[in-house]
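Undergrad: Sharing work.cif here; it has mmCIF, C-alpha atoms and all ligand atoms.
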data_query
loop_
_atom_site.label_atom_id
_atom_site.label_comp_id
_atom_site.auth_asym_id
_atom_site.auth_seq_id
_atom_site.Cartn_x
_atom_site.Cartn_y
_atom_site.Cartn_z
CA MET A 1 92.79 -34.04 89.32
CA ALA A 2 94.87 -31.66 87.30
CA ARG A 3 94.81 -28.30 85.59
CA ILE A 4 95.78 -28.84 81.96
CA ASP A 5 97.57 -26.17 79.92
CA LEU A 6 98.00 -26.46 76.17
CA ASP A 7 100.38 -24.25 74.22
CA LEU A 8 100.72 -26.05 70.90
CA ALA A 9 99.87 -26.74 67.29
CA HIS A 10 99.59 -30.01 65.44
CA ALA A 11 100.14 -31.04 61.84
CA TYR A 12 99.94 -34.69 60.79
CA ARG A 13 102.07 -33.92 57.74
CA PRO A 14 105.74 -33.01 58.11
CA ASP A 15 106.86 -29.47 57.33
CA PRO A 16 103.46 -27.67 57.47
CA LYS A 17 103.44 -24.37 55.58
CA GLU A 18 99.93 -22.99 55.48
CA ASP A 19 96.89 -23.07 57.78
CA ALA A 20 95.32 -25.95 55.85
CA ASP A 21 98.33 -28.15 56.72
CA TYR A 22 97.45 -28.04 60.43
CA ALA A 23 94.87 -30.24 62.18
CA LEU A 24 95.24 -27.81 65.11
CA LEU A 25 96.37 -24.23 64.50
CA PRO A 26 98.53 -22.62 67.20
CA LEU A 27 96.48 -22.33 70.39
CA GLN A 28 96.87 -21.56 74.06
CA MET A 29 94.18 -23.02 76.26
CA SER A 30 93.63 -24.23 79.80
CA PHE A 31 91.28 -26.75 81.34
CA GLU A 32 90.78 -25.79 84.99
CA ASP A 33 91.19 -28.42 87.70
CA GLY A 34 87.79 -30.05 88.34
CA GLY A 35 86.10 -28.39 85.32
CA ALA A 36 83.72 -30.16 82.90
CA TYR A 37 84.56 -29.20 79.31
CA ALA A 38 83.13 -30.17 75.95
CA LEU A 39 85.02 -29.91 72.67
CA LEU A 40 82.30 -29.11 70.14
CA GLY A 41 82.53 -28.74 66.39
CA PRO A 42 81.76 -30.36 63.05
CA SER A 43 83.52 -33.44 61.72
CA GLY A 44 87.19 -32.85 60.95
CA CYS A 45 87.58 -29.66 63.05
CA GLY A 46 90.27 -31.21 65.28
CA LYS A 47 88.38 -32.37 68.40
CA THR A 48 89.81 -35.90 68.51
CA THR A 49 93.27 -34.55 67.70
CA MET A 50 93.05 -32.24 70.72
CA LEU A 51 91.72 -35.01 72.97
CA ASN A 52 94.46 -37.42 71.90
CA ILE A 53 97.08 -34.77 72.58
CA VAL A 54 95.67 -34.24 76.09
CA SER A 55 95.60 -37.99 76.74
CA GLY A 56 99.11 -38.64 75.41
CA LEU A 57 97.99 -40.93 72.57
CA LEU A 58 99.39 -38.26 70.22
CA LYS A 59 102.43 -36.01 70.65
CA PRO A 60 101.86 -32.49 69.28
CA SER A 61 104.13 -31.58 66.39
CA HIS A 62 104.76 -28.20 68.06
CA GLY A 63 104.60 -27.00 71.67
CA THR A 64 103.78 -28.42 75.07
CA VAL A 65 101.13 -30.00 77.29
CA LYS A 66 101.38 -29.30 81.02
CA PHE A 67 99.53 -30.95 83.90
CA ASP A 68 99.64 -28.79 87.04
CA GLY A 69 102.58 -26.89 85.56
CA ARG A 70 104.61 -30.06 84.82
CA ASP A 71 105.58 -30.69 81.19
CA VAL A 72 104.01 -34.05 80.21
CA THR A 73 104.32 -33.64 76.42
CA THR A 74 106.32 -36.84 75.93
CA LEU A 75 104.52 -38.94 78.59
CA THR A 76 102.12 -41.81 77.77
CA PRO A 77 98.45 -41.87 78.90
CA GLN A 78 99.46 -44.25 81.74
CA GLN A 79 102.22 -41.91 82.90
CA ARG A 80 99.81 -38.97 82.73
CA ASN A 81 97.28 -40.99 84.75
CA ILE A 82 94.40 -40.44 82.32
CA ALA A 83 91.13 -42.41 82.14
CA GLN A 84 89.43 -42.62 78.75
CA VAL A 85 85.98 -43.59 77.50
CA PHE A 86 85.65 -44.27 73.78
CA GLN A 87 82.68 -44.32 71.36
CA PHE A 88 82.21 -48.06 71.69
CA PRO A 89 82.25 -50.16 74.89
CA VAL A 90 85.65 -51.39 76.04
CA ILE A 91 84.82 -54.05 78.61
CA TYR A 92 85.56 -57.68 79.44
CA ASP A 93 82.59 -59.85 78.39
CA THR A 94 83.60 -62.76 80.62
CA MET A 95 83.61 -60.61 83.77
CA THR A 96 80.60 -59.48 85.77
CA VAL A 97 79.56 -55.84 85.83
CA ALA A 98 81.13 -55.45 89.31
CA GLU A 99 84.41 -57.03 88.18
CA ASN A 100 84.52 -54.77 85.14
CA LEU A 101 84.01 -51.68 87.29
CA ALA A 102 86.59 -52.87 89.81
CA PHE A 103 89.23 -53.67 87.18
CA PRO A 104 91.01 -50.27 87.02
CA LEU A 105 91.16 -50.20 90.84
CA ARG A 106 92.35 -53.80 91.25
CA ASN A 107 95.06 -53.12 88.67
CA ARG A 108 96.43 -50.42 90.94
CA GLY A 109 96.31 -52.49 94.12
CA VAL A 110 93.47 -50.58 95.82
CA ALA A 111 92.28 -52.32 99.03
CA PRO A 112 89.23 -54.65 98.56
CA ASP A 113 86.92 -52.74 100.94
CA ARG A 114 87.76 -49.46 99.20
CA ILE A 115 87.08 -51.11 95.81
CA ARG A 116 83.72 -52.41 97.04
CA ALA A 117 82.68 -48.97 98.28
CA ARG A 118 83.76 -47.17 95.14
CA VAL A 119 82.22 -49.72 92.75
CA GLY A 120 78.97 -49.53 94.75
CA LYS A 121 78.95 -45.73 94.50
CA ILE A 122 79.63 -45.60 90.74
CA ALA A 123 77.12 -48.40 90.05
CA GLU A 124 74.48 -46.52 92.00
CA MET A 125 75.18 -43.28 90.16
CA LEU A 126 74.84 -45.02 86.79
CA GLU A 127 71.92 -47.17 87.94
CA LEU A 128 73.87 -50.37 87.39
CA ASN A 129 73.50 -51.65 90.97
CA GLY A 130 70.79 -54.14 90.03
CA GLN A 131 73.14 -55.79 87.52
CA LEU A 132 76.40 -55.95 89.45
CA ASP A 133 76.56 -59.77 89.48
CA GLN A 134 75.52 -60.27 85.84
CA ARG A 135 78.04 -61.23 83.19
CA ALA A 136 78.71 -58.34 80.81
CA SER A 137 78.34 -60.60 77.75
CA GLY A 138 74.55 -60.84 78.12
CA LEU A 139 73.95 -57.10 78.44
CA SER A 140 72.60 -54.61 75.86
CA ALA A 141 74.92 -52.18 74.04
CA ASP A 142 73.54 -49.38 76.26
CA ALA A 143 74.38 -51.22 79.48
CA LYS A 144 77.84 -52.12 78.18
CA GLN A 145 78.58 -48.49 77.42
CA LYS A 146 77.38 -47.53 80.91
CA ILE A 147 79.98 -49.95 82.26
CA SER A 148 82.62 -48.22 80.11
CA LEU A 149 81.53 -44.86 81.55
CA GLY A 150 81.72 -46.35 85.05
CA ARG A 151 85.22 -47.70 84.43
CA GLY A 152 86.29 -44.25 83.31
CA LEU A 153 84.88 -42.64 86.44
CA VAL A 154 85.77 -45.24 89.07
CA ARG A 155 89.28 -44.06 89.96
CA GLU A 156 89.56 -41.07 92.27
CA ASP A 157 93.24 -40.35 91.58
CA VAL A 158 93.18 -39.71 87.80
CA SER A 159 94.43 -36.43 86.33
CA ALA A 160 91.40 -36.24 84.03
CA VAL A 161 88.70 -38.37 82.41
CA LEU A 162 88.43 -37.98 78.63
CA PHE A 163 85.32 -38.96 76.66
CA ASP A 164 85.31 -39.35 72.88
CA GLU A 165 81.64 -39.20 71.72
CA PRO A 166 80.71 -41.74 74.44
CA LEU A 167 76.94 -41.68 73.83
CA THR A 168 77.05 -42.55 70.11
CA VAL A 169 75.76 -46.12 70.65
CA ILE A 170 73.21 -45.14 73.29
CA ASP A 171 69.46 -45.18 72.65
CA PRO A 172 68.19 -41.55 72.25
CA HIS A 173 66.00 -41.59 75.37
CA LEU A 174 68.72 -43.04 77.58
CA LYS A 175 71.18 -40.60 76.02
CA TRP A 176 69.24 -37.71 77.52
CA GLN A 177 69.23 -39.38 80.96
CA LEU A 178 72.94 -40.19 80.81
CA ARG A 179 73.91 -36.64 79.86
CA ARG A 180 72.16 -35.38 82.97
CA LYS A 181 73.68 -38.18 85.03
CA LEU A 182 77.18 -37.31 83.87
CA LYS A 183 76.59 -33.72 84.89
CA GLN A 184 75.41 -34.82 88.36
CA ILE A 185 78.39 -37.16 88.67
CA HIS A 186 80.70 -34.30 87.79
CA HIS A 187 79.20 -32.10 90.51
CA GLU A 188 79.59 -34.89 93.04
CA LEU A 189 83.02 -36.25 92.10
CA LYS A 190 84.65 -32.97 90.95
CA LEU A 191 86.72 -34.70 88.29
CA THR A 192 88.39 -32.81 85.41
CA LEU A 193 86.34 -34.00 82.44
CA VAL A 194 86.88 -33.33 78.73
CA TYR A 195 84.13 -34.53 76.42
CA VAL A 196 84.24 -34.59 72.62
CA THR A 197 80.99 -34.23 70.69
CA HIS A 198 79.58 -32.73 67.50
CA ASP A 199 76.14 -32.39 69.16
CA GLN A 200 75.48 -28.94 70.64
CA VAL A 201 72.73 -30.16 72.97
CA GLU A 202 75.05 -32.81 74.37
CA ALA A 203 77.85 -30.28 74.85
CA LEU A 204 75.66 -27.61 76.42
CA THR A 205 73.91 -29.97 78.86
CA PHE A 206 77.05 -31.74 79.97
CA ALA A 207 79.74 -29.09 80.20
CA ASP A 208 80.37 -26.04 82.38
CA ARG A 209 82.39 -24.60 79.54
CA VAL A 210 82.27 -25.47 75.85
CA VAL A 211 85.24 -25.12 73.49
CA VAL A 212 83.78 -24.40 70.02
CA MET A 213 86.10 -25.52 67.23
CA THR A 214 86.17 -25.04 63.49
CA ARG A 215 88.88 -25.90 60.97
CA GLY A 216 91.62 -26.56 63.51
CA ARG A 217 90.85 -23.47 65.58
CA ALA A 218 89.27 -23.13 69.01
CA VAL A 219 87.20 -20.01 68.30
CA GLN A 220 85.49 -19.53 71.68
CA VAL A 221 85.52 -21.09 75.14
CA GLY A 222 82.45 -20.20 77.14
CA THR A 223 79.39 -21.18 79.12
CA ALA A 224 76.19 -22.05 77.29
CA GLY A 225 74.90 -18.53 78.06
CA GLU A 226 78.04 -16.80 76.78
CA LEU A 227 78.03 -18.78 73.54
CA PHE A 228 74.39 -17.98 72.97
CA GLU A 229 74.39 -14.32 74.00
CA CYS A 230 77.84 -13.17 72.91
CA PRO A 231 79.28 -15.34 70.14
CA SER A 232 82.78 -13.95 69.69
CA HIS A 233 83.05 -15.48 66.21
CA ARG A 234 80.49 -15.81 63.44
CA PHE A 235 80.97 -19.58 63.40
CA VAL A 236 79.75 -19.79 67.02
CA GLY A 237 76.66 -17.73 66.19
CA HIS A 238 75.93 -19.99 63.25
CA PHE A 239 76.73 -23.34 64.95
CA ILE A 240 75.05 -22.76 68.33
CA GLY A 241 71.28 -22.29 68.34
CA SER A 242 68.43 -23.71 66.33
CA PRO A 243 68.37 -22.18 63.83
CA GLY A 244 71.66 -20.29 64.21
CA MET A 245 72.21 -16.53 64.32
CA ASN A 246 71.09 -14.34 61.39
CA PHE A 247 73.85 -12.33 59.76
CA LEU A 248 73.08 -9.30 57.61
CA PRO A 249 75.50 -6.97 55.82
CA ALA A 250 75.71 -3.55 57.48
CA MET A 251 77.52 -0.28 57.03
CA LEU A 252 77.81 3.07 58.84
CA ASP A 253 78.34 6.13 56.67
CA GLU A 254 80.65 8.99 57.68
CA ARG A 255 77.78 10.78 59.43
CA GLY A 256 76.75 7.73 61.45
CA GLY A 257 73.81 6.71 59.25
CA LEU A 258 73.26 2.96 59.50
CA ARG A 259 72.28 0.68 56.63
CA VAL A 260 71.44 -2.98 57.21
CA ALA A 261 70.63 -5.38 54.37
CA GLU A 262 70.79 -2.37 52.00
CA GLN A 263 68.04 -0.52 53.94
CA PRO A 264 68.49 2.62 56.06
CA VAL A 265 67.82 1.81 59.73
CA ALA A 266 66.88 4.62 62.10
CA THR A 267 68.83 4.27 65.34
CA GLY A 268 66.51 6.51 67.32
CA GLY A 269 69.22 9.16 67.65
CA VAL A 270 71.45 6.95 69.79
CA ALA A 271 75.12 6.77 68.78
CA LEU A 272 76.24 3.25 67.93
CA ASP A 273 79.36 1.89 69.56
CA ALA A 274 82.55 3.69 68.58
CA ALA A 275 84.16 0.33 67.75
CA LEU A 276 82.01 0.07 64.63
CA PRO A 277 83.93 1.15 61.51
CA ARG A 278 82.71 4.02 59.32
CA GLY A 279 82.57 3.45 55.60
CA THR A 280 83.63 -0.21 55.84
CA PRO A 281 81.15 -3.08 55.60
CA PHE A 282 80.56 -5.23 58.68
CA SER A 283 77.87 -7.74 59.71
CA LEU A 284 74.96 -7.41 62.07
CA GLY A 285 74.20 -10.64 63.96
CA ILE A 286 70.88 -11.29 65.67
CA ARG A 287 69.47 -14.56 66.94
CA PRO A 288 66.03 -15.63 65.64
CA GLU A 289 64.79 -15.52 69.27
CA TYR A 290 65.62 -11.81 69.52
CA VAL A 291 64.06 -10.52 66.28
CA THR A 292 60.79 -8.73 67.01
CA VAL A 293 58.24 -8.96 64.19
CA ASP A 294 55.48 -6.35 63.80
CA GLU A 295 52.99 -6.44 60.98
CA VAL A 296 52.85 -3.06 59.19
CA GLY A 297 50.60 -1.55 56.57
CA GLU A 298 51.69 -0.11 53.23
CA GLY A 299 53.32 3.31 53.52
CA VAL A 300 53.68 3.20 57.32
CA PRO A 301 57.08 4.64 58.25
CA ALA A 302 59.59 2.09 59.53
CA LEU A 303 59.97 1.74 63.30
CA PRO A 304 63.34 2.78 64.75
CA GLY A 305 65.82 -0.10 64.78
CA SER A 306 63.86 -2.06 62.23
CA LEU A 307 63.99 -3.31 58.67
CA THR A 308 61.10 -3.98 56.37
CA GLY A 309 60.55 -7.47 54.99
CA VAL A 310 57.97 -9.81 53.56
CA VAL A 311 57.11 -13.10 55.29
CA ALA A 312 58.16 -15.94 52.98
CA GLN A 313 57.30 -18.93 55.19
CA VAL A 314 55.59 -19.66 58.50
CA GLN A 315 56.40 -23.00 60.14
CA ASP A 316 54.75 -24.46 63.21
CA ILE A 317 57.57 -26.21 65.04
CA GLY A 318 55.34 -27.19 67.95
CA THR A 319 56.97 -25.28 70.78
CA TYR A 320 57.47 -22.12 68.66
CA TRP A 321 56.73 -20.53 65.27
CA LEU A 322 59.58 -20.15 62.84
CA LEU A 323 59.21 -17.30 60.36
CA THR A 324 61.40 -16.89 57.30
CA VAL A 325 61.33 -13.30 56.14
CA ARG A 326 62.79 -11.92 52.92
CA THR A 327 64.41 -8.54 53.23
CA GLY A 328 65.85 -7.46 49.88
CA ALA A 329 68.23 -10.21 48.77
CA HIS A 330 68.49 -11.64 52.28
CA MET A 331 66.53 -14.17 54.30
CA LEU A 332 66.12 -13.76 58.04
CA LYS A 333 64.70 -16.23 60.58
CA ALA A 334 62.57 -15.18 63.54
CA ARG A 335 61.29 -17.42 66.35
CA LEU A 336 57.96 -16.47 67.87
CA PRO A 337 56.45 -18.09 70.97
CA ALA A 338 53.85 -20.82 70.41
CA HIS A 339 51.08 -18.61 71.86
CA ALA A 340 51.81 -15.75 69.39
CA SER A 341 49.68 -15.17 66.28
CA PRO A 342 52.26 -15.02 63.50
CA PRO A 343 51.70 -12.81 60.45
CA PRO A 344 50.76 -14.86 57.37
CA ALA A 345 53.05 -15.56 54.43
CA GLY A 346 53.07 -12.53 52.14
CA ALA A 347 52.56 -9.99 54.98
CA THR A 348 54.80 -6.93 55.11
CA VAL A 349 56.53 -6.78 58.49
CA ALA A 350 58.92 -4.59 60.45
CA LEU A 351 61.80 -6.61 61.86
CA ARG A 352 63.43 -5.06 64.88
CA VAL A 353 67.08 -6.05 64.63
CA LEU A 354 68.67 -3.48 66.95
CA ASN A 355 68.28 -4.38 70.60
CA PRO A 356 70.48 -5.39 73.56
CA HIS A 357 71.15 -8.78 71.94
CA THR A 358 72.46 -7.43 68.64
CA CYS A 359 76.11 -8.27 67.87
CA PHE A 360 78.41 -6.81 65.22
CA TYR A 361 81.17 -8.63 63.38
CA GLY A 362 84.13 -7.76 61.17
CA ALA A 363 85.30 -10.52 58.80
CA ASP A 364 84.55 -13.19 61.44
CA GLU A 365 85.35 -11.76 64.87
CA ARG A 366 82.97 -9.81 67.06
CA LEU A 367 83.66 -6.07 66.91
CA ILE A 368 82.45 -5.03 70.35
CA ALA A 369 83.57 -6.35 73.71
CA ALA A 370 80.62 -8.14 75.33
CA THR A 371 80.20 -5.69 78.21
CA ALA A 372 80.64 -2.60 76.06
CA GLY A 373 78.19 -4.05 73.53
CA ALA A 374 75.59 -4.85 76.17
CA ALA A 375 75.85 -1.41 77.75
CA THR A 376 75.57 0.42 74.46
CA ALA A 377 72.78 -1.78 73.24
CA GLY A 378 70.99 -1.35 76.56
CA ALA A 379 70.97 2.42 76.16
CA ARG A 380 69.81 2.01 72.59
CA GLN A 381 66.93 -0.21 73.59
CA GLU A 382 65.62 2.33 76.11
CA ASP A 383 65.76 5.02 73.48
CA LEU A 384 64.03 2.92 70.91
CA ALA A 385 61.27 1.72 73.23
N1 LIG A 401 96.09 -39.94 61.64
C1 LIG A 401 95.84 -38.93 60.83
N2 LIG A 401 96.64 -38.68 59.78
C2 LIG A 401 96.43 -37.63 58.95
N3 LIG A 401 95.41 -36.74 59.10
C3 LIG A 401 94.58 -36.94 60.13
C4 LIG A 401 94.74 -38.04 61.04
N4 LIG A 401 93.76 -37.96 61.97
C5 LIG A 401 93.01 -36.88 61.65
N5 LIG A 401 93.50 -36.27 60.55
C6 LIG A 401 92.96 -35.03 59.92
O1 LIG A 401 93.03 -33.99 60.90
C7 LIG A 401 91.87 -33.17 60.86
C8 LIG A 401 91.18 -33.18 62.22
O2 LIG A 401 90.71 -34.50 62.47
P1 LIG A 401 90.04 -34.92 63.85
O3 LIG A 401 89.78 -36.40 63.79
O4 LIG A 401 90.83 -34.40 64.98
O5 LIG A 401 88.65 -34.14 63.76
P2 LIG A 401 87.32 -34.35 64.59
O6 LIG A 401 86.78 -32.99 64.85
O7 LIG A 401 87.57 -35.22 65.76
O8 LIG A 401 86.40 -35.10 63.54
P3 LIG A 401 85.35 -36.31 63.78
O9 LIG A 401 84.20 -35.72 64.55
O10 LIG A 401 84.98 -36.70 62.38
O11 LIG A 401 86.09 -37.37 64.51
C9 LIG A 401 91.01 -33.74 59.73
O12 LIG A 401 91.28 -33.00 58.57
C10 LIG A 401 91.50 -35.17 59.57
O13 LIG A 401 91.32 -35.62 58.25
#
Show me this structure written as structure tokens.
Ligand SMILES: Nc1ncnc2c1ncn2[C@@H]1O[C@H](COP(=O)(O)OP(=O)(O)OP(=O)(O)O)[C@@H](O)[C@H]1O

TA:
Amino acid sequence: MARIDLDLAHAYRPDPKEDADYALLPLQMSFEDGGAYALLGPSGCGKTTMLNIVSGLLKPSHGTVKFDGRDVTTLTPQQRNIAQVFQFPVIYDTMTVAENLAFPLRNRGVAPDRIRARVGKIAEMLELNGQLDQRASGLSADAKQKISLGRGLVREDVSAVLFDEPLTVIDPHLKWQLRRKLKQIHHELKLTLVYVTHDQVEALTFADRVVVMTRGRAVQVGTAGELFECPSHRFVGHFIGSPGMNFLPAMLDERGGLRVAEQPVATGGVALDAALPRGTPFSLGIRPEYVTVDEVGEGVPALPGSLTGVVAQVQDIGTYWLLTVRTGAHMLKARLPAHASPPPAGATVALRVLNPHTCFYGADERLIAATAGAATAGARQEDLA
């Protein structure tokens, strides 16, 4: 297994001049030895480009790729010792399942008893052991893709195993099982894994760390918890979560008075973080899970840390209620637990948007370091309680 360091950019067109000319904007990133990573982002953000640069299928137009400190930029996938699993099964139909799994090992002259043991182990992990002697040609698309996964995982000496949307052809129920299986396999085999997907659930269940990408940029690398709690870029807040983070325009006046969504918001006398600009607009970000909704009567003064809004829609999603609340020209989503009694459409509500989970953003980037933000917000919460 290898640690992989990228210090590069890539443009498919010669002589790139502006950001839009790059499939990957300049980035420095490392995949730790034995880590499980997902590259997550919408179509066209550069995931496959990054994966192909790691594998050696594509040479970056600028910069270097290093495996364990060694420059491998010009080496082929074989020379880099990479295993790859693609969207669609790549197997030999005329061979049995066991022969297919053994193929990468036989190719490298591994001893027969070692091959038997390893094939047995991988087949067991992927629950293919009942089918080892069957010909691959008669199997379902799901089973064939499991064989492809097994072939990617069967060698112990690879630098990394790369997966490009490997569960696309898999039945949705089995998909869920296989994601969990891959995670277990990673814990057991300690391989360096890089997994491309546009599905956040897939990325967050499989990977220890997720690289969130948008428009050729890796905007945050983090655990599921970090991406949820402290999105360092607005895109991460928007892309991760269901629904994504709410963003509202905010501003602090010279005397520290806060306005959010064009309404004054009482901060309960607690100073907001010094990193917030005065007199310049910024955004307040709050996840629907962390908005507290209290029904209020006409003329009741606003609670500290809260905005006033009117419920526009109440949806029963089954495991939670989703409220859409209009506050001035803005819409805000709030998730309430299934056992809550949500206010009806048309009710006037106070929306608490200042709490330990509140984040603040400049144009796109988060304005407060995660720890500083949490500490400040923590103090604020006590004061507001
Ligand atoms: N061979 C190529 N020649 C020119 N442009 C390309 C080529 N391959 C990809 N691109 C462009 O580079 C950008 C990134 O593409 P890439 O395939 O890496 O994105 P992706 O995130 O993997 O998307 P998808 O999920 O649709 O596969 C896109 O704008 C795409 O059109």

Undergrad: Kindly provide, as a list of chain:residue names, all nucleotide and amino acid residues lying within 7 Å of ligand LIG 401 (chain A), counting all atoms listed in the file.

TA: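 These are the residues that qualify: A:Tyr12, A:Arg13, A:Ala23, A:Gly41, A:Pro42, A:Ser43, A:Gly44, A:Cys45, A:Gly46, A:Lys47, A:Thr48, A:Thr49, A:Met50, A:His198, A:Gly216.
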
Undergrad: CA of Ala102 in chain A to CA of Lys181 in chain A: how many Å, to one decimal?

TA: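 That distance, rounded to one decimal, is 20.1 Å.
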
Undergrad: Counting all atoms listed in the file, find residues at most 12 Å from (59.5, -4.3, 55.8) (file frame) and give them as a ChimeraX atom specification.

TA: /A:261,263-265,293-303,305-311,325-328,332,346-353

Undergrad: Find the residues of range 9-48 of chain A that sit at most 10 Å from range 156-176 of chain A; for each, write down the nearest two atoms and how far apart they are in Å, to one decimal. Count all atoms listed in the file. Sort by chain, then by number going up, and give it as a tab-separated table.

TA:
residue	atom	partner	partner_atom	distance
A:Phe31	CA	A:Ala160	CA	9.9
A:Asp33	CA	A:Ala160	CA	8.6
A:Gly34	CA	A:Ala160	CA	8.4
A:Gly35	CA	A:Ala160	CA	9.6
A:Ala36	CA	A:Val161	CA	9.6
A:Tyr37	CA	A:Leu162	CA	9.6
A:Ala38	CA	A:Phe163	CA	9.1
A:Leu39	CA	A:Asp164	CA	9.4
A:Lys47	CA	A:Asp164	CA	8.8
A:Thr48	CA	A:Asp164	CA	7.2

Undergrad: Name the residues in contact with range 244-247 of chain A at a cut-off of 6 Å, using all atoms listed in the file, excluding same-chain residues fewer than 5 positions from it; report them as a list in words.

TA: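 My reading of the contact set: Gly237, His238, Phe239, Leu284, Gly285, Ile286 and Arg287 of chain A.
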
Undergrad: Using only C-alpha atoms, please write the residues we just selected to a file, as a short mmCIF file (atom, residue, chain, number, x, y, z; two decimals), keeping the file's coordinate frame.

TA:
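Once everything was written out, this is out_30.cif:
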data_model
loop_
_atom_site.label_atom_id
_atom_site.label_comp_id
_atom_site.auth_asym_id
_atom_site.auth_seq_id
_atom_site.Cartn_x
_atom_site.Cartn_y
_atom_site.Cartn_z
CA GLY A 237 76.66 -17.73 66.19
CA HIS A 238 75.93 -19.99 63.25
CA PHE A 239 76.73 -23.34 64.95
CA LEU A 284 74.96 -7.41 62.07
CA GLY A 285 74.20 -10.64 63.96
CA ILE A 286 70.88 -11.29 65.67
CA ARG A 287 69.47 -14.56 66.94
#

Undergrad: Could you check which of A:Thr292, A:Thr223, A:Thr76, A:Thr96 is closest to Asp208 in chain A, using all atoms listed in the file?

TA: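 Closest to Asp208 in chain A of all the choices is A:Thr223.
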
Undergrad: Considering only C-alpha atoms, state which residue in the set A:Pro243, A:Pro60, A:Gly138, A:Pro288 is at the smallest distance from Leu336 in chain A.

TA: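 Looking at the shortest contact to Leu336 in chain A, the residue is A:Pro288.
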
Undergrad: So the first atom is CA of Gln184 in chain A and the second is CA of Phe103 in chain A; what is the distance between them in Å, to one decimal place?

TA: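 It comes out at 23.4 Å.
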
Undergrad: Out of A:Ala98, A:Phe88, A:His187, A:Leu149, which residue has the shortest atom-to-atom distance to Gly130 in chain A when counting all atoms listed in the file?

TA: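 So, comparing all the options, the nearest one is A:Ala98.
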
Undergrad: Go through A:Leu252, A:Leu51, A:Ala2, A:Leu139 and flag the residue nearest Val211 in chain A, using only C-alpha atoms for the distances.

TA: A:Leu51

Undergrad: Place a sphere of radius 12 Å on (77.2, -52.7, 87.9) in the file coordinates and name every protein, DNA or RNA residue with an atom inside or on its surface, counting all atoms listed in the file; give the answer as a PDB file with C-alpha atoms, in the frame of the given file.

TA:
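Done, and the output landed in selection-v9.pdb:
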ATOM      1  CA  MET A  95      83.610 -60.610  83.770  1.00  0.00           C
ATOM      2  CA  THR A  96      80.600 -59.480  85.770  1.00  0.00           C
ATOM      3  CA  VAL A  97      79.560 -55.840  85.830  1.00  0.00           C
ATOM      4  CA  ALA A  98      81.130 -55.450  89.310  1.00  0.00           C
ATOM      5  CA  GLU A  99      84.410 -57.030  88.180  1.00  0.00           C
ATOM      6  CA  ASN A 100      84.520 -54.770  85.140  1.00  0.00           C
ATOM      7  CA  LEU A 101      84.010 -51.680  87.290  1.00  0.00           C
ATOM      8  CA  ALA A 102      86.590 -52.870  89.810  1.00  0.00           C
ATOM      9  CA  ARG A 116      83.720 -52.410  97.040  1.00  0.00           C
ATOM     10  CA  ARG A 118      83.760 -47.170  95.140  1.00  0.00           C
ATOM     11  CA  VAL A 119      82.220 -49.720  92.750  1.00  0.00           C
ATOM     12  CA  GLY A 120      78.970 -49.530  94.750  1.00  0.00           C
ATOM     13  CA  LYS A 121      78.950 -45.730  94.500  1.00  0.00           C
ATOM     14  CA  ILE A 122      79.630 -45.600  90.740  1.00  0.00           C
ATOM     15  CA  ALA A 123      77.120 -48.400  90.050  1.00  0.00           C
ATOM     16  CA  GLU A 124      74.480 -46.520  92.000  1.00  0.00           C
ATOM     17  CA  MET A 125      75.180 -43.280  90.160  1.00  0.00           C
ATOM     18  CA  LEU A 126      74.840 -45.020  86.790  1.00  0.00           C
ATOM     19  CA  GLU A 127      71.920 -47.170  87.940  1.00  0.00           C
ATOM     20  CA  LEU A 128      73.870 -50.370  87.390  1.00  0.00           C
ATOM     21  CA  ASN A 129      73.500 -51.650  90.970  1.00  0.00           C
ATOM     22  CA  GLY A 130      70.790 -54.140  90.030  1.00  0.00           C
ATOM     23  CA  GLN A 131      73.140 -55.790  87.520  1.00  0.00           C
ATOM     24  CA  LEU A 132      76.400 -55.950  89.450  1.00  0.00           C
ATOM     25  CA  ASP A 133      76.560 -59.770  89.480  1.00  0.00           C
ATOM     26  CA  GLN A 134      75.520 -60.270  85.840  1.00  0.00           C
ATOM     27  CA  ARG A 135      78.040 -61.230  83.190  1.00  0.00           C
ATOM     28  CA  ALA A 136      78.710 -58.340  80.810  1.00  0.00           C
ATOM     29  CA  LEU A 139      73.950 -57.100  78.440  1.00  0.00           C
ATOM     30  CA  ALA A 143      74.380 -51.220  79.480  1.00  0.00           C
ATOM     31  CA  LYS A 144      77.840 -52.120  78.180  1.00  0.00           C
ATOM     32  CA  GLN A 145      78.580 -48.490  77.420  1.00  0.00           C
ATOM     33  CA  LYS A 146      77.380 -47.530  80.910  1.00  0.00           C
ATOM     34  CA  ILE A 147      79.980 -49.950  82.260  1.00  0.00           C
ATOM     35  CA  SER A 148      82.620 -48.220  80.110  1.00  0.00           C
ATOM     36  CA  LEU A 149      81.530 -44.860  81.550  1.00  0.00           C
ATOM     37  CA  GLY A 150      81.720 -46.350  85.050  1.00  0.00           C
ATOM     38  CA  ARG A 151      85.220 -47.700  84.430  1.00  0.00           C
ATOM     39  CA  VAL A 154      85.770 -45.240  89.070  1.00  0.00           C
TER      40      VAL A 154
END

Undergrad: What separation in Å, quoted to one decimal, exists between CA of Pro104 in chain A and CA of Gln78 in chain A?

TA: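 Computing it gives 11.6 Å between the two atoms.
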
Undergrad: Can you tell me, as a ChimeraX atom specification, what residues are no more than 10 Å from Pro249 in chain A when counting all atoms listed in the file, ignoring any on the same chain fewer than 4 positions away?

TA: /A:259-262,281-285,330,360-361
